[in-house]
Amino acid sequence: MPSTSSHTTPSSAPATTSLSQCAPRYNRANPISDMWSREAVRLLATSFRTAVADGDDVDARGAMALAATFAGMGFGNAGVHVPHACAYPIAGMVRDFRPDGYDADHPMVPHGMAVAMTAPAAFALLYPADPGRHHEMAALLEPDTAGSDLGRDALPDALRRLMRDIGLPNGLVALGYSHSDLPQLVD
């Protein structure tokens, strides 16, 4: 049986919602959405790991709050995306999972965590729609890769590394789901 807890913190789950909504919004929804989404991802890239590792880092926490605000302004002008839709059954059908850091007397998957679980796969699927935008978003998340020869997995891999670094569960199995749950999750 998979573990029913994670090493995430209450700070990491909400911020993953911001990130998961910014990256796809930056697919030419409109110039306003692009601007806010790009800036939110830039802030997240420079502060997310620090804010999760050190909750007392006021600068990192402030940057995260600003990034979340920018993300909301970005997807508020463009709507939500595939990972958000996938999040509802992931959070709603949970049986045993209880994330660390949450004072819950019942199984739960925080919304941001549920959104993040399918984001890498969604971005891999959507890559052909605009490879350049996916490369740009990957380079914003991992500035050392800017100018590199980025391929179709650049953005999903950057997201997976970030998710690992902040302690999010590694996929649906870590939340207690199995292959037999897939039909209900996609229904």
# chains A, B, ... in the order shown; residues from 1 in each chain; ligands from 1
>>> closest_atom_pairs(of="stretch 124-187 of chain A", to="stretch 36-42 of chain A", cutoff="10 Å", atoms="only C-alpha atoms", output="Markdown table")
| residue | atom | partner | partner_atom | distance |
| --- | --- | --- | --- | --- |
| A:Glu136 | CA | A:Arg38 | CA | 9.1 |
| A:Met137 | CA | A:Arg38 | CA | 7.5 |
| A:Ala138 | CA | A:Val41 | CA | 9.5 |
| A:Ala139 | CA | A:Arg42 | CA | 9.4 |
| A:Leu140 | CA | A:Arg42 | CA | 5.6 |
| A:Leu141 | CA | A:Val41 | CA | 6.5 |
| A:Glu142 | CA | A:Arg42 | CA | 9.2 |
| A:Pro143 | CA | A:Arg42 | CA | 9.0 |
>>> residues_around(residues="A:Met117", least_positions_apart="5", cutoff="9 Å", atoms="only C-alpha atoms", output="JSON, numbers by chain")
{"A": [83, 86, 87, 90, 112, 163, 168, 169, 170, 171, 172]}
>>> closest_residue(among="A:Ala116, A:Ala121, A:Ile166, A:Ala71", to="A:Ser47", atoms="only C-alpha atoms")
A:Ile166
>>> closest_residue(among="A:Leu44, A:Val94, A:Ala119, A:Ala114", to="A:Thr69", atoms="only C-alpha atoms")
A:Leu44
>>> closest_residue(among="A:Asp144, A:Asp165, A:Asp149, A:Asp157", to="A:Val52", atoms="only C-alpha atoms")
A:Asp165
>>> closest_residue(among="A:Gly167, A:Gly92, A:Pro31, A:Gly151", to="A:Pro128", atoms="only C-alpha atoms")
A:Gly151
>>> closest_residue(among="A:Arg133, A:Thr118, A:Phe97, A:Ala124", to="A:Ala174", atoms="only C-alpha atoms")
A:Phe97
>>> closest_residue(among="A:Leu66, A:Arg161, A:Leu182, A:Phe75", to="A:Arg49", atoms="only C-alpha atoms")
A:Arg161
